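Worksheet: the structure to be examined is printed underneath.
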Amino acid sequence: MEQNELIDRIVADVVAKLGERVRPGASSVGTIPTATPIELAKYIDHTLLRPEAPDAAFDKLCAEAIEYGFFSVCVNSSRVPYVARKLQGSDVKVCSVVGFPLGSMTSRAKSFETREAISDGAAEIDMVINVGKLKSKDYRAVEEDIRAVRRATRSNTILKVIIETVFLTQDEKVIACELAKKAGADFVKTSTGFLGGGATVEDIVLMRRVVGPDMGVKASGGIRTQKAALELIGAGATRIGAGAGVALVTGQESSGKY
């Protein structure tokens with residue numbers, strides 16, 4: 001059986017098991033969970049990916065991450081050495097995006113960027129899939145792209161796969177999650193936040209149902225309030241990517257450009 005035919009069959013089986021289409025706003029638990037600021041902080045990758053951000057913005061990012069106890073800071077790969085030095089001696093991890101934000105570069109380029117980021121201090125990698133290949137049903141290429149980055153990581157590196165849900169149909173979201181799972185990723189992630197759309201409860205419920213309980217699901221893109229973060233966690237997210245991390249844990253409005 002051809003690879004694409006096999007994937008199509010897997011997808012059909014998964015969609016059938018999911019039953020009725022997940023309704024917008026539905027939650028896997030039915031209620032919004034509660035969390036203390038300390039508990040919520042441990043879900044958050046405090047994120048700064050804007051290309052024009054100066055050093056001072058990363059100083060602030062790292063200081064906030066240490067102060068509030070965020071799980072990690074998430075930055076572009078060129079910024080990994082800088083934030084790794086700032087976070088040295090703390091419990092905050094460094095996460096680097098790879099192939100960001102388009103995902104359309106070669107697998108070799110993504111693999112090289114991954115190895116460089118890890119060498120510079122990254123403990124986690126958030127890679128962007130090749131969405132065009134997925135839309136073209138070249139599932140082998142998408143899976144191999146993820147595998148190439150997986151091979152470039154270390155045994156203790158967490159790999160998250162950004163599927164860019166804004167561009168995908170429901171079936172394509174299922175396929176993307178299945179491919180990430182098959183290729184050995186640790187997480188699936190909703191969005192880059194750079195190309196429109198963002199995390200929705202509906203997508204988190206779907207992604208969680210597809211990958212099951214053993215993989216992580218990261219909600220990212222447009223998460224600006226504590227209520228929104230808790231709704232996504234209630235739907236099955238195990239990590240939240242947000243530039244408004246301080247606002248999420250304090251319940252206040254996000255302030256400042258960065």
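So you can find residues: chains in the structure tokens are A, B, ... in the order shown, residues in each start at 1, and ligands are numbered from 1 in order.
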
Original post:
Ile240 (chain A): which residues within 9 Å, counting only C-alpha atoms, same-chain residues fewer than 2 positions away excluded, as JSON, numbers by chain?
Top reply: {"A": [43, 44, 45, 46, 217, 218, 219, 220, 223, 229, 232, 233, 237, 238, 242, 245]}

Deliver the residues from the most recent selection as a file, using C-alpha atoms, as a PDB file, in the first residue's frame.
```pdb
ATOM      1  CA  TYR A  43       2.218  25.878  31.502  1.00  0.00           C
ATOM      2  CA  ILE A  44       3.628  28.974  29.821  1.00  0.00           C
ATOM      3  CA  ASP A  45       6.331  29.372  27.202  1.00  0.00           C
ATOM      4  CA  HIS A  46       6.955  33.139  27.577  1.00  0.00           C
ATOM      5  CA  VAL A 217      -0.566  19.742  22.943  1.00  0.00           C
ATOM      6  CA  LYS A 218       0.583  23.360  22.837  1.00  0.00           C
ATOM      7  CA  ALA A 219      -1.874  26.190  22.296  1.00  0.00           C
ATOM      8  CA  SER A 220      -0.302  29.246  20.702  1.00  0.00           C
ATOM      9  CA  ILE A 223      -3.843  34.034  23.822  1.00  0.00           C
ATOM     10  CA  ALA A 229      -5.526  30.233  28.760  1.00  0.00           C
ATOM     11  CA  LEU A 232      -7.464  25.963  26.453  1.00  0.00           C
ATOM     12  CA  ILE A 233      -5.961  23.991  29.331  1.00  0.00           C
ATOM     13  CA  ALA A 237      -3.560  21.902  26.228  1.00  0.00           C
ATOM     14  CA  THR A 238      -0.501  21.032  28.281  1.00  0.00           C
ATOM     15  CA  ALA A 242       2.124  33.518  24.643  1.00  0.00           C
ATOM     16  CA  GLY A 245       2.611  35.577  29.917  1.00  0.00           C
TER      17      GLY A 245
END
```

Give me, as number ranges by chain, the residues of region 115-210 of chain A that a backbone DSSP run labels alpha helix (DSSP H).
A: 115-120, 131-135, 139-152, 170-182, 201-210

Would you write out those residues with C-alpha atoms, as a PDB file, in the first residue's frame?
```pdb
ATOM      1  CA  ARG A 115      21.529  21.522  15.968  1.00  0.00           C
ATOM      2  CA  GLU A 116      22.791  25.106  16.268  1.00  0.00           C
ATOM      3  CA  ALA A 117      19.983  26.069  18.647  1.00  0.00           C
ATOM      4  CA  ILE A 118      20.578  23.068  20.881  1.00  0.00           C
ATOM      5  CA  SER A 119      24.320  23.697  20.904  1.00  0.00           C
ATOM      6  CA  ASP A 120      23.595  27.283  21.937  1.00  0.00           C
ATOM      7  CA  VAL A 131       2.152  23.240   5.070  1.00  0.00           C
ATOM      8  CA  GLY A 132       2.286  23.309   1.265  1.00  0.00           C
ATOM      9  CA  LYS A 133       3.453  19.698   1.165  1.00  0.00           C
ATOM     10  CA  LEU A 134       0.642  18.723   3.519  1.00  0.00           C
ATOM     11  CA  LYS A 135      -1.937  20.520   1.353  1.00  0.00           C
ATOM     12  CA  TYR A 139       2.561  13.065   3.457  1.00  0.00           C
ATOM     13  CA  ARG A 140       5.864  11.241   3.104  1.00  0.00           C
ATOM     14  CA  ALA A 141       7.661  14.575   2.677  1.00  0.00           C
ATOM     15  CA  VAL A 142       5.927  16.057   5.731  1.00  0.00           C
ATOM     16  CA  GLU A 143       6.748  13.065   7.895  1.00  0.00           C
ATOM     17  CA  GLU A 144      10.362  12.964   6.732  1.00  0.00           C
ATOM     18  CA  ASP A 145      10.709  16.688   7.401  1.00  0.00           C
ATOM     19  CA  ILE A 146       9.653  16.127  11.014  1.00  0.00           C
ATOM     20  CA  ARG A 147      11.881  13.047  11.301  1.00  0.00           C
ATOM     21  CA  ALA A 148      14.872  15.028  10.024  1.00  0.00           C
ATOM     22  CA  VAL A 149      14.454  17.545  12.834  1.00  0.00           C
ATOM     23  CA  ARG A 150      13.840  14.750  15.334  1.00  0.00           C
ATOM     24  CA  ARG A 151      17.134  13.133  14.300  1.00  0.00           C
ATOM     25  CA  ALA A 152      18.902  16.478  14.792  1.00  0.00           C
ATOM     26  CA  GLN A 170     -10.382  19.357   9.972  1.00  0.00           C
ATOM     27  CA  ASP A 171      -9.102  16.278   8.129  1.00  0.00           C
ATOM     28  CA  GLU A 172      -5.760  17.957   7.450  1.00  0.00           C
ATOM     29  CA  LYS A 173      -5.408  18.789  11.156  1.00  0.00           C
ATOM     30  CA  VAL A 174      -5.928  15.115  11.929  1.00  0.00           C
ATOM     31  CA  ILE A 175      -3.361  14.114   9.306  1.00  0.00           C
ATOM     32  CA  ALA A 176      -0.810  16.617  10.600  1.00  0.00           C
ATOM     33  CA  CYS A 177      -1.201  15.367  14.168  1.00  0.00           C
ATOM     34  CA  GLU A 178      -0.925  11.738  13.059  1.00  0.00           C
ATOM     35  CA  LEU A 179       2.243  12.489  11.065  1.00  0.00           C
ATOM     36  CA  ALA A 180       3.831  14.324  13.996  1.00  0.00           C
ATOM     37  CA  LYS A 181       3.000  11.433  16.298  1.00  0.00           C
ATOM     38  CA  LYS A 182       4.321   8.870  13.813  1.00  0.00           C
ATOM     39  CA  VAL A 201     -10.708  25.451  22.043  1.00  0.00           C
ATOM     40  CA  GLU A 202     -12.161  23.480  19.128  1.00  0.00           C
ATOM     41  CA  ASP A 203      -8.712  22.779  17.680  1.00  0.00           C
ATOM     42  CA  ILE A 204      -7.233  21.819  21.040  1.00  0.00           C
ATOM     43  CA  VAL A 205     -10.054  19.341  21.658  1.00  0.00           C
ATOM     44  CA  LEU A 206      -9.534  17.804  18.222  1.00  0.00           C
ATOM     45  CA  MET A 207      -5.740  17.640  18.526  1.00  0.00           C
ATOM     46  CA  ARG A 208      -5.941  16.077  21.970  1.00  0.00           C
ATOM     47  CA  ARG A 209      -8.381  13.432  20.769  1.00  0.00           C
ATOM     48  CA  VAL A 210      -6.108  12.560  17.858  1.00  0.00           C
TER      49      VAL A 210
END
```

Can I get the residues of region 130-227 of chain A within 12 Å of region 54-74 of chain A, each with the closest pair of atoms and their distance in Å to one decimal, using only C-alpha atoms, sorted chain first then ascending number, as JSON lines?
```
{"residue": "A:Ile158", "atom": "CA", "partner": "A:Ser72", "partner_atom": "CA", "distance": 11.8}
{"residue": "A:Lys160", "atom": "CA", "partner": "A:Cys74", "partner_atom": "CA", "distance": 11.8}
{"residue": "A:Thr192", "atom": "CA", "partner": "A:Cys74", "partner_atom": "CA", "distance": 11.6}
{"residue": "A:Ser220", "atom": "CA", "partner": "A:Cys74", "partner_atom": "CA", "distance": 11.3}
```

Mind writing the picked residues with C-alpha atoms as a CSV table (one decimal), in the first residue's frame?
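So selection-v2.csv came out as:
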```
chain,number,residue,atom,x,y,z
A,158,ILE,CA,11.5,18.2,23.5
A,160,LYS,CA,7.0,20.4,19.2
A,192,THR,CA,3.0,30.4,14.7
A,220,SER,CA,-0.3,29.2,20.7
```

Computed gap from CA of Gly216 (chain A) to CA of Ser136 (chain A) is 26.4 Å

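Excluding Ala84 (chain A) and any residue on its chain fewer than 3 positions from it, the residues at most 9 Å away by only C-alpha atoms are Arg79, Val80, Pro81, Leu87, Gln88, Lys93, Val94, Asp120, Gly121 and Ala122 of chain A.
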
query = What is the CA of Lys189 (chain A)-CA of Ser107 (chain A) distance in Å, reported with one decimal?
reply =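 Calculated distance between CA of Lys189 (chain A) and CA of Ser107 (chain A) is 18.7 Å.
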
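Between CA of Phe194 (chain A) and CA of Leu102 (chain A) the separation is 8.9 Å.
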
- Determine which residues of region 143-247 of chain A DSSP labels as strand (DSSP E) from the backbone of this structure, then write them out as JSON, numbers by chain. {"A": [158, 159, 160, 161, 162, 187, 188, 189, 216, 217, 218, 219, 220, 239, 240, 241, 242]}
